[in-house]
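Next comes run21.pdb, with PDB, C-alpha atoms.
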ATOM      1  CA  MET A 218     -47.062 -29.688 -59.790
ATOM      2  CA  ALA A 219     -48.674 -30.637 -56.504
ATOM      3  CA  TYR A 220     -47.074 -33.259 -54.297
ATOM      4  CA  GLN A 221     -49.343 -36.141 -53.445
ATOM      5  CA  TYR A 222     -48.916 -38.505 -50.541
ATOM      6  CA  ARG A 223     -48.873 -42.086 -51.410
ATOM      7  CA  PRO A 224     -50.162 -44.518 -48.763
ATOM      8  CA  GLN A 225     -46.699 -46.062 -48.364
ATOM      9  CA  GLN A 226     -45.040 -42.671 -47.878
ATOM     10  CA  GLN A 227     -47.699 -41.667 -45.373
ATOM     11  CA  GLN A 228     -47.214 -44.916 -43.472
ATOM     12  CA  GLN A 229     -43.433 -44.402 -43.425
ATOM     13  CA  GLN A 230     -43.868 -40.879 -42.086
ATOM     14  CA  GLN A 231     -46.196 -42.141 -39.371
ATOM     15  CA  GLN A 232     -43.677 -44.818 -38.380
ATOM     16  CA  GLN A 233     -40.880 -42.249 -38.269
ATOM     17  CA  GLN A 234     -43.021 -39.968 -36.098
ATOM     18  CA  GLN A 235     -43.853 -42.876 -33.756
ATOM     19  CA  GLN A 236     -40.164 -43.759 -33.486
ATOM     20  CA  HIS A 237     -39.350 -40.114 -32.762
ATOM     21  CA  ASN A 238     -42.094 -39.935 -30.129
ATOM     22  CA  SER A 239     -40.952 -43.244 -28.650
ATOM     23  CA  GLY A 240     -37.406 -41.918 -28.422
ATOM     24  CA  ALA A 241     -38.664 -38.781 -26.707
ATOM     25  CA  CYS A 242     -40.748 -40.926 -24.370
ATOM     26  CA  ASP A 243     -37.740 -43.129 -23.612
ATOM     27  CA  GLN A 244     -35.654 -40.032 -22.963
ATOM     28  CA  ASN A 245     -38.327 -38.666 -20.593
ATOM     29  CA  VAL A 246     -38.453 -41.988 -18.754
ATOM     30  CA  LEU A 247     -34.647 -42.037 -18.501
ATOM     31  CA  LEU A 248     -34.628 -38.449 -17.252
ATOM     32  CA  SER A 249     -37.082 -39.441 -14.531
ATOM     33  CA  ILE A 250     -34.874 -42.400 -13.569
ATOM     34  CA  PHE A 251     -31.771 -40.202 -13.659
ATOM     35  CA  GLN A 252     -33.396 -37.660 -11.335
ATOM     36  CA  ARG A 253     -34.409 -40.372  -8.846
ATOM     37  CA  VAL A 254     -30.906 -41.870  -8.821
ATOM     38  CA  ASP A 255     -29.227 -38.440  -8.513
ATOM     39  CA  SER A 256     -30.195 -38.187  -4.844
ATOM     40  CA  ASP A 257     -28.046 -35.126  -4.111
ATOM     41  CA  ARG A 258     -29.457 -33.279  -7.176
ATOM     42  CA  SER A 259     -25.951 -32.459  -8.437
ATOM     43  CA  GLY A 260     -26.700 -33.342 -12.050
ATOM     44  CA  ILE A 261     -24.073 -36.085 -11.797
ATOM     45  CA  ILE A 262     -24.703 -39.669 -10.716
ATOM     46  CA  SER A 263     -21.834 -40.747  -8.471
ATOM     47  CA  GLU A 264     -20.527 -44.275  -7.921
ATOM     48  CA  SER A 265     -22.383 -44.598  -4.625
ATOM     49  CA  GLU A 266     -25.651 -43.288  -6.090
ATOM     50  CA  LEU A 267     -25.423 -45.713  -9.000
ATOM     51  CA  GLN A 268     -24.493 -48.616  -6.732
ATOM     52  CA  GLN A 269     -27.539 -47.971  -4.547
ATOM     53  CA  ALA A 270     -29.826 -47.733  -7.562
ATOM     54  CA  LEU A 271     -28.724 -50.905  -9.327
ATOM     55  CA  SER A 272     -30.073 -54.335  -8.545
ATOM     56  CA  ASN A 273     -28.412 -57.586  -9.467
ATOM     57  CA  GLY A 274     -31.402 -59.737  -8.567
ATOM     58  CA  THR A 275     -29.771 -61.259  -5.467
ATOM     59  CA  TRP A 276     -30.686 -58.656  -2.815
ATOM     60  CA  THR A 277     -27.025 -57.756  -2.434
ATOM     61  CA  PRO A 278     -25.467 -54.407  -3.338
ATOM     62  CA  PHE A 279     -24.085 -54.097  -6.842
ATOM     63  CA  ASN A 280     -20.346 -54.741  -6.871
ATOM     64  CA  LEU A 281     -18.588 -51.387  -6.432
ATOM     65  CA  LYS A 282     -15.755 -52.500  -8.758
ATOM     66  CA  THR A 283     -18.319 -53.086 -11.497
ATOM     67  CA  VAL A 284     -19.931 -49.695 -10.854
ATOM     68  CA  ARG A 285     -16.520 -47.997 -11.020
ATOM     69  CA  SER A 286     -15.646 -49.794 -14.246
ATOM     70  CA  MET A 287     -18.912 -48.806 -15.886
ATOM     71  CA  ILE A 288     -18.739 -45.192 -14.763
ATOM     72  CA  GLY A 289     -15.138 -45.085 -15.969
ATOM     73  CA  MET A 290     -16.295 -46.142 -19.425
ATOM     74  CA  PHE A 291     -18.953 -43.434 -19.697
ATOM     75  CA  ASP A 292     -17.521 -40.549 -17.616
ATOM     76  CA  ARG A 293     -16.058 -38.528 -20.495
ATOM     77  CA  SER A 294     -15.159 -35.535 -18.299
ATOM     78  CA  ASN A 295     -13.464 -37.553 -15.516
ATOM     79  CA  ARG A 296     -15.756 -36.176 -12.815
ATOM     80  CA  GLY A 297     -16.192 -39.493 -11.025
ATOM     81  CA  GLY A 298     -19.785 -39.737 -12.189
ATOM     82  CA  VAL A 299     -22.058 -39.481 -15.200
ATOM     83  CA  ASP A 300     -24.283 -36.657 -16.363
ATOM     84  CA  PHE A 301     -27.614 -37.327 -18.066
ATOM     85  CA  ASN A 302     -26.199 -37.763 -21.584
ATOM     86  CA  GLU A 303     -23.577 -40.196 -20.307
ATOM     87  CA  PHE A 304     -26.227 -41.936 -18.220
ATOM     88  CA  MET A 305     -28.262 -42.677 -21.362
ATOM     89  CA  GLY A 306     -25.313 -44.625 -22.772
ATOM     90  CA  LEU A 307     -24.702 -46.339 -19.442
ATOM     91  CA  TRP A 308     -28.381 -47.314 -19.197
ATOM     92  CA  LYS A 309     -28.249 -48.936 -22.630
ATOM     93  CA  TYR A 310     -25.005 -50.690 -21.703
ATOM     94  CA  ILE A 311     -26.547 -52.160 -18.540
ATOM     95  CA  ASN A 312     -29.694 -53.245 -20.404
ATOM     96  CA  ASP A 313     -27.596 -54.906 -23.107
ATOM     97  CA  TRP A 314     -25.650 -56.809 -20.434
ATOM     98  CA  GLN A 315     -28.896 -57.782 -18.739
ATOM     99  CA  ASN A 316     -30.171 -59.281 -21.987
ATOM    100  CA  ILE A 317     -26.896 -61.156 -22.481
ATOM    101  CA  PHE A 318     -27.004 -62.414 -18.894
ATOM    102  CA  ARG A 319     -30.584 -63.660 -19.287
ATOM    103  CA  THR A 320     -29.623 -65.447 -22.496
ATOM    104  CA  TYR A 321     -26.944 -67.493 -20.735
ATOM    105  CA  ASP A 322     -28.737 -67.939 -17.398
ATOM    106  CA  ARG A 323     -30.525 -70.967 -18.808
ATOM    107  CA  ASP A 324     -31.989 -72.188 -15.530
ATOM    108  CA  LYS A 325     -33.240 -68.647 -14.693
ATOM    109  CA  SER A 326     -31.520 -68.768 -11.291
ATOM    110  CA  ASN A 327     -30.238 -65.159 -11.526
ATOM    111  CA  PHE A 328     -26.740 -66.616 -11.449
ATOM    112  CA  ILE A 329     -24.339 -67.904 -14.085
ATOM    113  CA  ASP A 330     -22.899 -71.293 -13.149
ATOM    114  CA  LYS A 331     -19.714 -72.777 -14.561
ATOM    115  CA  ASN A 332     -21.387 -74.446 -17.556
ATOM    116  CA  GLU A 333     -23.383 -71.320 -18.401
ATOM    117  CA  LEU A 334     -20.193 -69.277 -18.100
ATOM    118  CA  LYS A 335     -18.366 -71.659 -20.441
ATOM    119  CA  HIS A 336     -21.182 -71.349 -22.972
ATOM    120  CA  ALA A 337     -21.226 -67.547 -22.739
ATOM    121  CA  LEU A 338     -17.473 -67.028 -22.984
ATOM    122  CA  SER A 339     -17.155 -69.588 -25.781
ATOM    123  CA  ASN A 340     -19.764 -67.646 -27.740
ATOM    124  CA  PHE A 341     -17.762 -64.470 -27.041
ATOM    125  CA  GLY A 342     -14.768 -66.141 -28.707
ATOM    126  CA  TYR A 343     -12.768 -67.255 -25.671
ATOM    127  CA  ARG A 344     -11.188 -70.707 -25.732
ATOM    128  CA  LEU A 345     -10.257 -71.386 -22.130
ATOM    129  CA  SER A 346      -9.356 -74.491 -20.150
ATOM    130  CA  ASP A 347     -11.645 -76.033 -17.569
ATOM    131  CA  GLN A 348      -9.043 -75.156 -14.953
ATOM    132  CA  PHE A 349      -9.197 -71.481 -15.944
ATOM    133  CA  TYR A 350     -12.980 -71.437 -15.527
ATOM    134  CA  ASN A 351     -12.384 -72.508 -11.918
ATOM    135  CA  VAL A 352     -10.044 -69.516 -11.534
ATOM    136  CA  ILE A 353     -12.708 -67.204 -12.970
ATOM    137  CA  LEU A 354     -15.354 -68.586 -10.624
ATOM    138  CA  THR A 355     -13.055 -68.172  -7.637
ATOM    139  CA  LYS A 356     -12.271 -64.577  -8.629
ATOM    140  CA  PHE A 357     -15.785 -63.378  -9.475
ATOM    141  CA  ASP A 358     -18.037 -65.449  -7.184
ATOM    142  CA  ARG A 359     -18.328 -62.993  -4.283
ATOM    143  CA  GLN A 360     -20.889 -65.154  -2.474
ATOM    144  CA  GLY A 361     -18.877 -68.374  -2.619
ATOM    145  CA  ARG A 362     -21.687 -70.390  -4.215
ATOM    146  CA  GLY A 363     -19.933 -71.583  -7.361
ATOM    147  CA  GLN A 364     -21.988 -69.116  -9.392
ATOM    148  CA  ILE A 365     -21.608 -65.562 -10.610
ATOM    149  CA  ALA A 366     -24.258 -62.869 -10.047
ATOM    150  CA  PHE A 367     -25.229 -60.358 -12.733
ATOM    151  CA  ASP A 368     -22.941 -57.541 -11.570
ATOM    152  CA  ASP A 369     -19.983 -59.880 -11.171
ATOM    153  CA  PHE A 370     -20.651 -61.320 -14.636
ATOM    154  CA  ILE A 371     -20.339 -57.816 -16.085
ATOM    155  CA  GLN A 372     -17.105 -57.277 -14.142
ATOM    156  CA  CYS A 373     -15.753 -60.643 -15.285
ATOM    157  CA  CYS A 374     -16.410 -59.805 -18.931
ATOM    158  CA  ILE A 375     -14.948 -56.302 -18.592
ATOM    159  CA  VAL A 376     -11.749 -57.658 -17.010
ATOM    160  CA  LEU A 377     -11.397 -60.422 -19.601
ATOM    161  CA  GLN A 378     -11.867 -57.913 -22.429
ATOM    162  CA  ARG A 379      -9.337 -55.481 -20.963
ATOM    163  CA  LEU A 380      -6.779 -58.234 -20.394
ATOM    164  CA  THR A 381      -7.368 -59.501 -23.926
ATOM    165  CA  ASP A 382      -6.884 -56.001 -25.348
ATOM    166  CA  VAL A 383      -3.592 -55.587 -23.456
ATOM    167  CA  PHE A 384      -2.444 -59.055 -24.546
ATOM    168  CA  LYS A 385      -3.242 -58.291 -28.192
ATOM    169  CA  ARG A 386      -1.013 -55.206 -28.096
ATOM    170  CA  PHE A 387       1.943 -57.453 -27.240
ATOM    171  CA  ASP A 388       0.911 -60.330 -29.531
ATOM    172  CA  THR A 389       2.108 -58.559 -32.653
ATOM    173  CA  ASP A 390       2.237 -61.706 -34.780
ATOM    174  CA  GLN A 391      -1.171 -62.857 -33.462
ATOM    175  CA  ASP A 392      -0.040 -66.375 -32.608
ATOM    176  CA  GLY A 393      -1.484 -66.385 -29.085
ATOM    177  CA  TRP A 394       1.927 -66.139 -27.411
ATOM    178  CA  ILE A 395       3.768 -63.145 -26.015
ATOM    179  CA  GLN A 396       7.106 -62.546 -24.366
ATOM    180  CA  VAL A 397       7.137 -59.785 -21.781
ATOM    181  CA  SER A 398       9.416 -58.677 -18.993
ATOM    182  CA  TYR A 399       8.266 -58.904 -15.408
ATOM    183  CA  GLU A 400       7.686 -55.152 -15.313
ATOM    184  CA  GLN A 401       5.663 -55.260 -18.542
ATOM    185  CA  TYR A 402       3.575 -58.069 -17.033
ATOM    186  CA  LEU A 403       2.930 -56.060 -13.867
ATOM    187  CA  THR A 404       2.035 -53.012 -15.935
ATOM    188  CA  MET A 405      -0.403 -55.108 -17.965
ATOM    189  CA  ILE A 406      -2.127 -56.480 -14.885
ATOM    190  CA  LEU A 407      -2.218 -53.221 -12.941
ATOM    191  CA  SER A 408      -3.675 -51.347 -15.903
ATOM    192  CA  VAL A 409      -6.673 -53.672 -15.820
ATOM    193  CA  VAL A 410      -7.296 -54.093 -12.111
TER     194      VAL A 410
END

Could you render the structure as structure tokens?
Amino acid sequence: MAYQYRPQQQQQQQQQQQQHNSGACDQNVLLSIFQRVDSDRSGIISESELQQALSNGTWTPFNLKTVRSMIGMFDRSNRGGVDFNEFMGLWKYINDWQNIFRTYDRDKSNFIDKNELKHALSNFGYRLSDQFYNVILTKFDRQGRGQIAFDDFIQCCIVLQRLTDVFKRFDTDQDGWIQVSYEQYLTMILSVV
């Protein structure tokens, strides 16, 4: 019995081939980007190389704390940098954050103001007081403009998530309250900073 292609099967195969080719194309593009960023040709993108390569849209260097946090998430071998495979994940992570940032930067100013921040964090599930948003702005507004740039927005969200994760470990009954010793509190904070 001979196998016959049906138009639908042929179309599906063509789509799969296009997706495969697109993935290969994306990988080639990423390899080209990786090689440009890896200025010392070590095969590892360091914190300083990544910081120099990233743009937050404000003509200021990307926040080194943010760069360190991101590299720390993707540096599986603890080399202080990312190889190409790790870079692919990091690239996707940054692009995902960029899309999130654009979604909440309603006035397209390349900054997140207090109201945009409230909207974003509320959608992420945080229920915070107005006073706490002032604390967040003070902490993550490096330029002192009452707004948070892209890189600082990433850092803000990373810190909030890490603090939330630590808090949840102590909130065993999930009532939103914990009781910790001073040393436990310091350990919690220092593990995030």

Which residues, named as in the file, does the PyMOL selection byres ((chain A and resi 345-357) around 10) pick out? Answer as a PDB file with C-alpha atoms, keeping the file's coordinate frame.
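Saved to expr.pdb:
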ATOM      1  CA  ILE A 329     -24.339 -67.904 -14.085  1.00  0.00           C
ATOM      2  CA  ASP A 330     -22.899 -71.293 -13.149  1.00  0.00           C
ATOM      3  CA  LYS A 331     -19.714 -72.777 -14.561  1.00  0.00           C
ATOM      4  CA  ASN A 332     -21.387 -74.446 -17.556  1.00  0.00           C
ATOM      5  CA  LEU A 334     -20.193 -69.277 -18.100  1.00  0.00           C
ATOM      6  CA  LYS A 335     -18.366 -71.659 -20.441  1.00  0.00           C
ATOM      7  CA  LEU A 338     -17.473 -67.028 -22.984  1.00  0.00           C
ATOM      8  CA  SER A 339     -17.155 -69.588 -25.781  1.00  0.00           C
ATOM      9  CA  GLY A 342     -14.768 -66.141 -28.707  1.00  0.00           C
ATOM     10  CA  TYR A 343     -12.768 -67.255 -25.671  1.00  0.00           C
ATOM     11  CA  ARG A 344     -11.188 -70.707 -25.732  1.00  0.00           C
ATOM     12  CA  ASP A 358     -18.037 -65.449  -7.184  1.00  0.00           C
ATOM     13  CA  ARG A 359     -18.328 -62.993  -4.283  1.00  0.00           C
ATOM     14  CA  GLN A 360     -20.889 -65.154  -2.474  1.00  0.00           C
ATOM     15  CA  GLY A 361     -18.877 -68.374  -2.619  1.00  0.00           C
ATOM     16  CA  ARG A 362     -21.687 -70.390  -4.215  1.00  0.00           C
ATOM     17  CA  GLY A 363     -19.933 -71.583  -7.361  1.00  0.00           C
ATOM     18  CA  GLN A 364     -21.988 -69.116  -9.392  1.00  0.00           C
ATOM     19  CA  ILE A 365     -21.608 -65.562 -10.610  1.00  0.00           C
ATOM     20  CA  ALA A 366     -24.258 -62.869 -10.047  1.00  0.00           C
ATOM     21  CA  ASP A 368     -22.941 -57.541 -11.570  1.00  0.00           C
ATOM     22  CA  ASP A 369     -19.983 -59.880 -11.171  1.00  0.00           C
ATOM     23  CA  PHE A 370     -20.651 -61.320 -14.636  1.00  0.00           C
ATOM     24  CA  ILE A 371     -20.339 -57.816 -16.085  1.00  0.00           C
ATOM     25  CA  GLN A 372     -17.105 -57.277 -14.142  1.00  0.00           C
ATOM     26  CA  CYS A 373     -15.753 -60.643 -15.285  1.00  0.00           C
ATOM     27  CA  LEU A 377     -11.397 -60.422 -19.601  1.00  0.00           C
TER      28      LEU A 377
END

**Request:** Pick out the residues sitting within 12 Å of Ile311 of chain A, and hand them over as a list in words; count only C-alpha atoms, and ignore anything fewer than 2 positions along from it in its own chain.
**Result:**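 Within the cut-off, the hits are Leu267, Leu271, Ser272, Asn273, Thr283, Val284, Ser286, Met287, Ile288, Met290, Phe291, Phe304, Met305, Gly306, Leu307, Trp308, Lys309, Asp313, Trp314, Gln315, Asn316, Ile317, Phe318, Phe367, Asp368, Phe370, Ile371 and Gln372 of chain A.
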
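With distances restricted to only C-alpha atoms, A:Phe301 is the closest residue to Asn245 of chain A from A:Tyr310, A:Phe387, A:Trp276, A:Phe301.
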
**Request:** Please measure the separation of atom CA of Gly260 of chain A and atom CA of Asp300 of chain A, giving the value in Å to one decimal.
**Result:**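 These atoms are spaced 6.0 Å apart.
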
**Message:** Using all atoms listed in the file, which protein or nucleic acid residues come within 12 Å of Asp255 of chain A? Drop anything in the same chain fewer than 6 positions from it, and give the result as a list in words.
**Reply:** Leu247, Leu248, Ser249, Ile261, Ile262, Ser263, Glu264, Ser265, Glu266, Leu267, Gln268, Gln269, Ala270, Gly298, Val299, Asp300, Phe301 and Phe304 of chain A

**Request:** May I ask for the distance between atom CA of Ser398 of chain A and atom CA of Arg379 of chain A, given in Å to one decimal place?
**Result:**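 Taking atom CA of Ser398 of chain A as the start and atom CA of Arg379 of chain A as the end point, the length is 19.1 Å.
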
With N, CA, C and O atoms as the target, complete segment 351-363 of chain A and hand it back as a tab-separated table (two decimals), in the coordinates of the input.
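Generated file (out30.tsv):
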chain	number	residue	atom	x	y	z
A	351	ASN	N	-12.40	-72.45	-13.39
A	351	ASN	CA	-12.38	-72.51	-11.92
A	351	ASN	C	-11.75	-71.25	-11.33
A	351	ASN	O	-12.22	-70.73	-10.32
A	352	VAL	N	-10.69	-70.76	-11.98
A	352	VAL	CA	-10.04	-69.52	-11.53
A	352	VAL	C	-11.03	-68.36	-11.65
A	352	VAL	O	-11.15	-67.53	-10.73
A	353	ILE	N	-11.73	-68.29	-12.77
A	353	ILE	CA	-12.71	-67.20	-12.97
A	353	ILE	C	-13.79	-67.27	-11.90
A	353	ILE	O	-14.16	-66.24	-11.32
A	354	LEU	N	-14.31	-68.46	-11.65
A	354	LEU	CA	-15.35	-68.59	-10.62
A	354	LEU	C	-14.84	-68.16	-9.26
A	354	LEU	O	-15.54	-67.46	-8.52
A	355	THR	N	-13.63	-68.56	-8.93
A	355	THR	CA	-13.06	-68.17	-7.64
A	355	THR	C	-12.92	-66.66	-7.54
A	355	THR	O	-13.22	-66.07	-6.51
A	356	LYS	N	-12.49	-66.03	-8.62
A	356	LYS	CA	-12.27	-64.58	-8.63
A	356	LYS	C	-13.58	-63.78	-8.58
A	356	LYS	O	-13.67	-62.78	-7.87
A	357	PHE	N	-14.59	-64.22	-9.31
A	357	PHE	CA	-15.78	-63.38	-9.48
A	357	PHE	C	-17.03	-63.87	-8.72
A	357	PHE	O	-18.06	-63.23	-8.79
A	358	ASP	N	-16.92	-64.95	-7.99
A	358	ASP	CA	-18.04	-65.45	-7.18
A	358	ASP	C	-17.91	-64.87	-5.78
A	358	ASP	O	-17.35	-65.48	-4.89
A	359	ARG	N	-18.45	-63.67	-5.58
A	359	ARG	CA	-18.33	-62.99	-4.28
A	359	ARG	C	-19.06	-63.73	-3.16
A	359	ARG	O	-18.72	-63.58	-2.00
A	360	GLN	N	-20.07	-64.50	-3.50
A	360	GLN	CA	-20.89	-65.15	-2.47
A	360	GLN	C	-20.43	-66.57	-2.17
A	360	GLN	O	-20.98	-67.22	-1.29
A	361	GLY	N	-19.42	-67.06	-2.90
A	361	GLY	CA	-18.88	-68.37	-2.62
A	361	GLY	C	-19.83	-69.52	-2.89
A	361	GLY	O	-19.79	-70.55	-2.21
A	362	ARG	N	-20.68	-69.38	-3.91
A	362	ARG	CA	-21.69	-70.39	-4.22
A	362	ARG	C	-21.38	-71.18	-5.48
A	362	ARG	O	-22.19	-71.98	-5.91
A	363	GLY	N	-20.24	-70.91	-6.11
A	363	GLY	CA	-19.93	-71.58	-7.36
A	363	GLY	C	-20.71	-71.01	-8.53
A	363	GLY	O	-20.83	-71.66	-9.57
